[in-house]
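Working notes, beginning with the structure itself.
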Amino acid sequence: MKVYRCFLFFSCILLFHSRAQAQQVVPSTVSTPDTMVLISASATNQPLVQVLTTIQEKYKIRFYYRPEWLEEKVVTLNINQVPLSQGLKQILQGITLDFIIYHPTAVVILPNATTIVNNAAEIKEEKTFVESDKVIIGDRRYARVNKKLTLMGYLKDSISGEPIIGANVVEKNQGIGTATDKNGFYSLVLSTGYHPLTFSSLGYENAEKVIALYSNGTYNQSLVKSAVQLSEVEIRSRANKLDNLAAIQSGVTKLDLSQVKKLPAFMGEIDVVKTLKLMPGVSSIGEAASGFNVRGGNVDQNLILMDEAPIFNSSHLFGFFSVFNPDALQDITLYRGGIPAQYGGRISSVLEVKQKEGNFEKWEGNGGIGPITGRLALQGPIIKNKTSVLVAGRSSYSNWVLNRMHDSDLRQSKASFYDVSAKISHKLSDKDKITLTAYSSQDKFGFAVDTIYSWYNKAASLLYGHTFTDRFFLDVAAVYSDYNFRINVDEPNNASVYKNGIRQQSLKATFTYITGPHELQFGAMVNNYLFSPGQIKPNSSYSQIIPITLDAKRAREGGIFINDEFTITPRLSLMAGIRFSVYQHLGPGKVFSYAEDQPQKEETIIDTLQYGSGKIMKTYGGIEPRLSLRFRLTENSSVKAGYNRIRQYIHLVSNTAAASPVDTWTTSSTSIQPQIGDQVSLGIFQNLAQNTFETSAEVYYKDIQHILDYKNGAVLYLNNNLETELLQGKGRAYGAEFTLNKKSGRLSGWVNYTYSRIQLQINGKTPEETINYGEYYPANYEKPHTLNIVSNYQFNRRVNFGANFTYSTGRPISAPISYYQYDVFSVPNYALRNQYRIPDYHRLDLSIGIQTGYKKKKKWAGSWNFSVYNAYARKNAYSVFFKKVYGAPPQPYRLAVVGTLIPSVTYDFKF
């Protein structure tokens, strides 16, 4: 009952408050709410800006406006001790400006209705714009009526000059739009004439511009971060064409980092992966679980890219933190459907993470200090407007904390991590740019023993961009990624070092060509893989460990792709693509042949083939079509459909429910076929209450060929015949995702519910290679029902309150249903695989954020975040295991990783 009460409580608050705001009608000249503030002012032909600044400083009233609205406006007045609303009427008398008293100490100045109507009449459009200035491209005398023209340009941050990725450019009258690419570039096909455009991106103020288009041309736009200007003011008279309707693809989530930083954080550490788990279709098996699951996919079915470099383990400390430093990030996009053809290799999702470029104009820094971690990022120009650098680092000091604990076991424990990244960007010319990114991270963990677990991520990418013409671009990426895991044992008799890992080297070229209504991307890529399945060596002369080194494996993957995004009609847009991939397992190596109609095991090997270095041992490949379609039903609703086929050639081998560092990556081979995923999806998107609410409902079905599972009692550790423990079969995943999202107003947040099933069928040649009699059974990471409620309430400019509630079904387990006694031993008899579930999971997190100041010329800005993770101390089960008891049946035990509330405080700063 507690779960349902929490759900009803937060849902009612979100819906009631938002409904009340949506029904407000803000008059153009009536102040709301009224205030008893009395003001005095006198001026003779003084600039209006100067008069407002004097009142602001004297009476502590904040005025919000766009600077261009007040340019060249002067006033003459003499008022004495009059109410604020009356005084503002006198100040603005005869000036085409109105005001809204949004708060007793906050006033919005904006153009009045007359100005809007005059501007609208001038351009023969609806009265939706407040800007009278327009941009003229081309010569009207030579323009042809209804000719299709291309408008293109770049969107950049107004302060740092960084490109804004994934921003939306929408033509307001027709409702058509596009999104900027990784260089901040956009392109729209429009007809001759006037076009009102809206430029928008998460975390930035919308910009609006009227373009008089008479020929093909370029228009660049800078966006101001929302924290700088009008950050809390919502002017409802200007409709916002939201990207959830204009975007062609469904199943795409883009994180707003400014909102992520307001959410409750575990141990005060902002975590983008934990935020992703609050999105529809995304889940994990619980705390301390590395990776995440998307639409019924396993953790290895997610392609994670950081500046084009793959990351093979996205977690610090077994999943408590992610490897991404939030201070270094610019853009995070998750594709769980509608995956473009330029991506391949994973059948469930693509997580694309872009790091910031350094500021080309000035030096600045930011960071934070939490209970067990600290972080710092510095950025600035090496050569102003030409070369910039960003360096970011993060480290835990949990070992220092553990060493001061009273418990002797804790004092002997280790739990630490660090990550560091650097990015250098250099503009070779107006048409050429090169970027070098490097990343390194390390984790160490050991609990009151002489065994230390450690794992490392190292990645680097060299990116080159060239502009041939205004319509033709080239992006080249050379990438290196290395992940390895180690276990150091210092106990004398077993002193040893164990390690495994994977290394990838890649080269990718992508061309973008824009012609007419088409935005065409095509290119090619090649990946080289080196798999290190496992090695153990003694590290002491007293050690009894026998050295073992499994054979390294090599593979090569190549692909070509073409992707076209185009508008067929103002209502109908399409993204169609095709990818052809080929994969080769390379020598040196051995291929084992096994006896027919017998289970694959070492005892049934009948022949062995030896391949030399570089020889092709096995080849796979095929075509991967992609299709996304969007049909605009009305101005405020769209229907989207999509289809993806993707091949996955590398696999994470693990016999646990969650990925752990000791798990190994392996290649497709003669005995292990690549996984093939076919997904279809359909969704409807609707905006309500003047775009205050975004709602969506999506359904999907995914068919998976050659999905992996394991034999009962599989031995994966240091197994040179790994394929003998693996089974492959069919998988089917299906579900529905429902979302209600409110982005504006003092109360913002989202509610989503996901129904998701993933079932496997393993029907081998022998009973030993068949699971559950060949019937479908749930995967051990399946969680059919997931509910997330996320809310943030902005009390004022300084204080905000955040709350998250999450609920999910317990995951499947295999449990004993009886036992028999043999001598003094109890032998359990297990039911069919994954037929029982651990208890359901639910958790409430709370936070309060406090800003320390908003002075315009302040050199140091800070904020405090106080949070409570697991507020009602729920002992959520991570797993349930069964322990043998002498003379009695096996007894169940619940393992709760986080079984109590965890308070934390974090200080973030910027200078």
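Ligands are numbered from 1 in the order shown, residues from 1 within each chain, and chains are lettered A, B, ... in the order they appear in the structure tokens.
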
- Show which residues sit within 8 Å of Leu378 (chain A), as a list of chain:residue names. Count only C-alpha atoms, and ignore same-chain residues fewer than 6 positions away.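 My list of contacting residues is A:Trp363, A:Glu364, A:Gly365, A:Asn366, A:Leu390, A:Val391, A:Ala392.
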
For the selection just defined, write its residues with N, CA, C and O atoms to a file, as a JSON list (two decimals), in the first residue's frame.
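Printed below is out.json as written:
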```json
[["chain", "number", "residue", "atom", "x", "y", "z"],
["A", 363, "TRP", "N", 39.08, 31.85, -20.23],
["A", 363, "TRP", "CA", 39.30, 30.73, -19.31],
["A", 363, "TRP", "C", 38.22, 30.71, -18.24],
["A", 363, "TRP", "O", 37.82, 31.75, -17.73],
["A", 364, "GLU", "N", 37.74, 29.51, -17.92],
["A", 364, "GLU", "CA", 36.76, 29.34, -16.86],
["A", 364, "GLU", "C", 36.88, 27.92, -16.31],
["A", 364, "GLU", "O", 37.52, 27.05, -16.91],
["A", 365, "GLY", "N", 36.26, 27.72, -15.16],
["A", 365, "GLY", "CA", 36.32, 26.40, -14.54],
["A", 365, "GLY", "C", 35.08, 26.12, -13.73],
["A", 365, "GLY", "O", 34.33, 27.02, -13.37],
["A", 366, "ASN", "N", 34.86, 24.85, -13.43],
["A", 366, "ASN", "CA", 33.76, 24.45, -12.57],
["A", 366, "ASN", "C", 34.08, 23.09, -11.98],
["A", 366, "ASN", "O", 34.96, 22.37, -12.46],
["A", 390, "LEU", "N", 40.04, 21.63, -22.99],
["A", 390, "LEU", "CA", 39.23, 21.29, -21.82],
["A", 390, "LEU", "C", 39.91, 20.14, -21.11],
["A", 390, "LEU", "O", 40.23, 19.12, -21.73],
["A", 391, "VAL", "N", 40.15, 20.29, -19.81],
["A", 391, "VAL", "CA", 40.71, 19.22, -18.98],
["A", 391, "VAL", "C", 39.78, 19.02, -17.79],
["A", 391, "VAL", "O", 39.45, 19.99, -17.10],
["A", 392, "ALA", "N", 39.35, 17.79, -17.58],
["A", 392, "ALA", "CA", 38.42, 17.49, -16.48],
["A", 392, "ALA", "C", 38.88, 16.25, -15.75],
["A", 392, "ALA", "O", 39.31, 15.27, -16.37]]
```

- Message: Residues within 7 Å of region 829-840 of chain A, please, as JSON, numbers by chain. Count only C-alpha atoms; anything in the same chain fewer than 5 positions from it doesn't count.
- Response: {"A": [772, 777, 778, 780, 808, 809, 810, 811, 812, 813, 814, 815, 816, 817, 818, 819, 877, 879, 880]}

Since we have the selection now, will you write its residues out, keeping N, CA and C atoms, as a PDB file, in the first residue's frame?
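What ended up in result22.pdb:
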```pdb
ATOM      1  N   ASN A 772      14.336 -25.514 -20.153  1.00  0.00           N
ATOM      2  CA  ASN A 772      12.885 -25.502 -19.881  1.00  0.00           C
ATOM      3  C   ASN A 772      12.097 -26.203 -20.983  1.00  0.00           C
ATOM      4  N   TYR A 777      10.969 -18.743 -21.845  1.00  0.00           N
ATOM      5  CA  TYR A 777      11.107 -18.428 -20.423  1.00  0.00           C
ATOM      6  C   TYR A 777      11.678 -17.014 -20.297  1.00  0.00           C
ATOM      7  N   PRO A 778      11.430 -16.323 -19.192  1.00  0.00           N
ATOM      8  CA  PRO A 778      11.921 -14.939 -19.053  1.00  0.00           C
ATOM      9  C   PRO A 778      13.429 -14.890 -18.851  1.00  0.00           C
ATOM     10  N   ASN A 780      16.870 -13.407 -17.194  1.00  0.00           N
ATOM     11  CA  ASN A 780      17.060 -13.108 -15.775  1.00  0.00           C
ATOM     12  C   ASN A 780      17.149 -11.620 -15.468  1.00  0.00           C
ATOM     13  N   SER A 808       9.554  -1.049  -9.632  1.00  0.00           N
ATOM     14  CA  SER A 808       9.677  -2.043 -10.703  1.00  0.00           C
ATOM     15  C   SER A 808       9.432  -3.442 -10.152  1.00  0.00           C
ATOM     16  N   THR A 809       9.022  -4.309 -11.049  1.00  0.00           N
ATOM     17  CA  THR A 809       8.828  -5.712 -10.705  1.00  0.00           C
ATOM     18  C   THR A 809      10.167  -6.348 -10.374  1.00  0.00           C
ATOM     19  N   GLY A 810      10.166  -7.293  -9.469  1.00  0.00           N
ATOM     20  CA  GLY A 810      11.389  -8.031  -9.172  1.00  0.00           C
ATOM     21  C   GLY A 810      11.809  -8.893 -10.351  1.00  0.00           C
ATOM     22  N   ARG A 811      13.100  -9.093 -10.495  1.00  0.00           N
ATOM     23  CA  ARG A 811      13.597  -9.863 -11.629  1.00  0.00           C
ATOM     24  C   ARG A 811      13.472 -11.367 -11.363  1.00  0.00           C
ATOM     25  N   PRO A 812      13.540 -12.194 -12.424  1.00  0.00           N
ATOM     26  CA  PRO A 812      13.389 -13.652 -12.252  1.00  0.00           C
ATOM     27  C   PRO A 812      14.611 -14.295 -11.598  1.00  0.00           C
ATOM     28  N   ILE A 813      14.363 -15.388 -10.906  1.00  0.00           N
ATOM     29  CA  ILE A 813      15.426 -16.230 -10.364  1.00  0.00           C
ATOM     30  C   ILE A 813      15.008 -17.690 -10.510  1.00  0.00           C
ATOM     31  N   SER A 814      15.984 -18.565 -10.385  1.00  0.00           N
ATOM     32  CA  SER A 814      15.718 -20.005 -10.332  1.00  0.00           C
ATOM     33  C   SER A 814      15.791 -20.436  -8.876  1.00  0.00           C
ATOM     34  N   ALA A 815      14.759 -21.117  -8.404  1.00  0.00           N
ATOM     35  CA  ALA A 815      14.669 -21.439  -6.976  1.00  0.00           C
ATOM     36  C   ALA A 815      14.436 -22.939  -6.776  1.00  0.00           C
ATOM     37  N   PRO A 816      14.961 -23.502  -5.680  1.00  0.00           N
ATOM     38  CA  PRO A 816      14.681 -24.909  -5.372  1.00  0.00           C
ATOM     39  C   PRO A 816      13.253 -25.078  -4.864  1.00  0.00           C
ATOM     40  N   ILE A 817      12.586 -26.144  -5.329  1.00  0.00           N
ATOM     41  CA  ILE A 817      11.210 -26.406  -4.891  1.00  0.00           C
ATOM     42  C   ILE A 817      11.129 -27.628  -3.982  1.00  0.00           C
ATOM     43  N   SER A 818      12.233 -28.385  -3.904  1.00  0.00           N
ATOM     44  CA  SER A 818      12.278 -29.523  -2.993  1.00  0.00           C
ATOM     45  C   SER A 818      13.740 -29.901  -2.785  1.00  0.00           C
ATOM     46  N   TYR A 819      13.968 -30.875  -1.917  1.00  0.00           N
ATOM     47  CA  TYR A 819      15.330 -31.342  -1.707  1.00  0.00           C
ATOM     48  C   TYR A 819      15.260 -32.781  -1.227  1.00  0.00           C
ATOM     49  N   ALA A 877      15.789  -5.937  -2.472  1.00  0.00           N
ATOM     50  CA  ALA A 877      16.591  -7.131  -2.722  1.00  0.00           C
ATOM     51  C   ALA A 877      17.353  -6.981  -4.023  1.00  0.00           C
ATOM     52  N   SER A 879      19.376  -9.566  -4.850  1.00  0.00           N
ATOM     53  CA  SER A 879      19.216 -10.964  -5.260  1.00  0.00           C
ATOM     54  C   SER A 879      18.745 -11.778  -4.059  1.00  0.00           C
ATOM     55  N   VAL A 880      18.265 -12.951  -4.343  1.00  0.00           N
ATOM     56  CA  VAL A 880      17.907 -13.928  -3.306  1.00  0.00           C
ATOM     57  C   VAL A 880      18.696 -15.192  -3.589  1.00  0.00           C
TER      58      VAL A 880
END
```

- Query: Could you pull out the helix (DSSP H, G or I) residues of region 170-356 of chain A from DSSP and send them as a PyMOL selection string?
  - Reply: chain A and resi 243-246+257-260+266-268+272-276+299-301+317-319+326-328

- Message: So that I can check the surroundings of region 107-109 of chain A, please list as a list of chain:residue names every protein, DNA and RNA residue that reaches within 6 Å of it, counting only C-alpha atoms and ignoring chain neighbours fewer than 5 positions away.
- Response: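 These residues fall inside the cut-off: A:Phe63, A:Tyr64, A:Tyr65, A:Asp98, A:Phe99, A:Ile100, A:Ile101, A:Tyr102.
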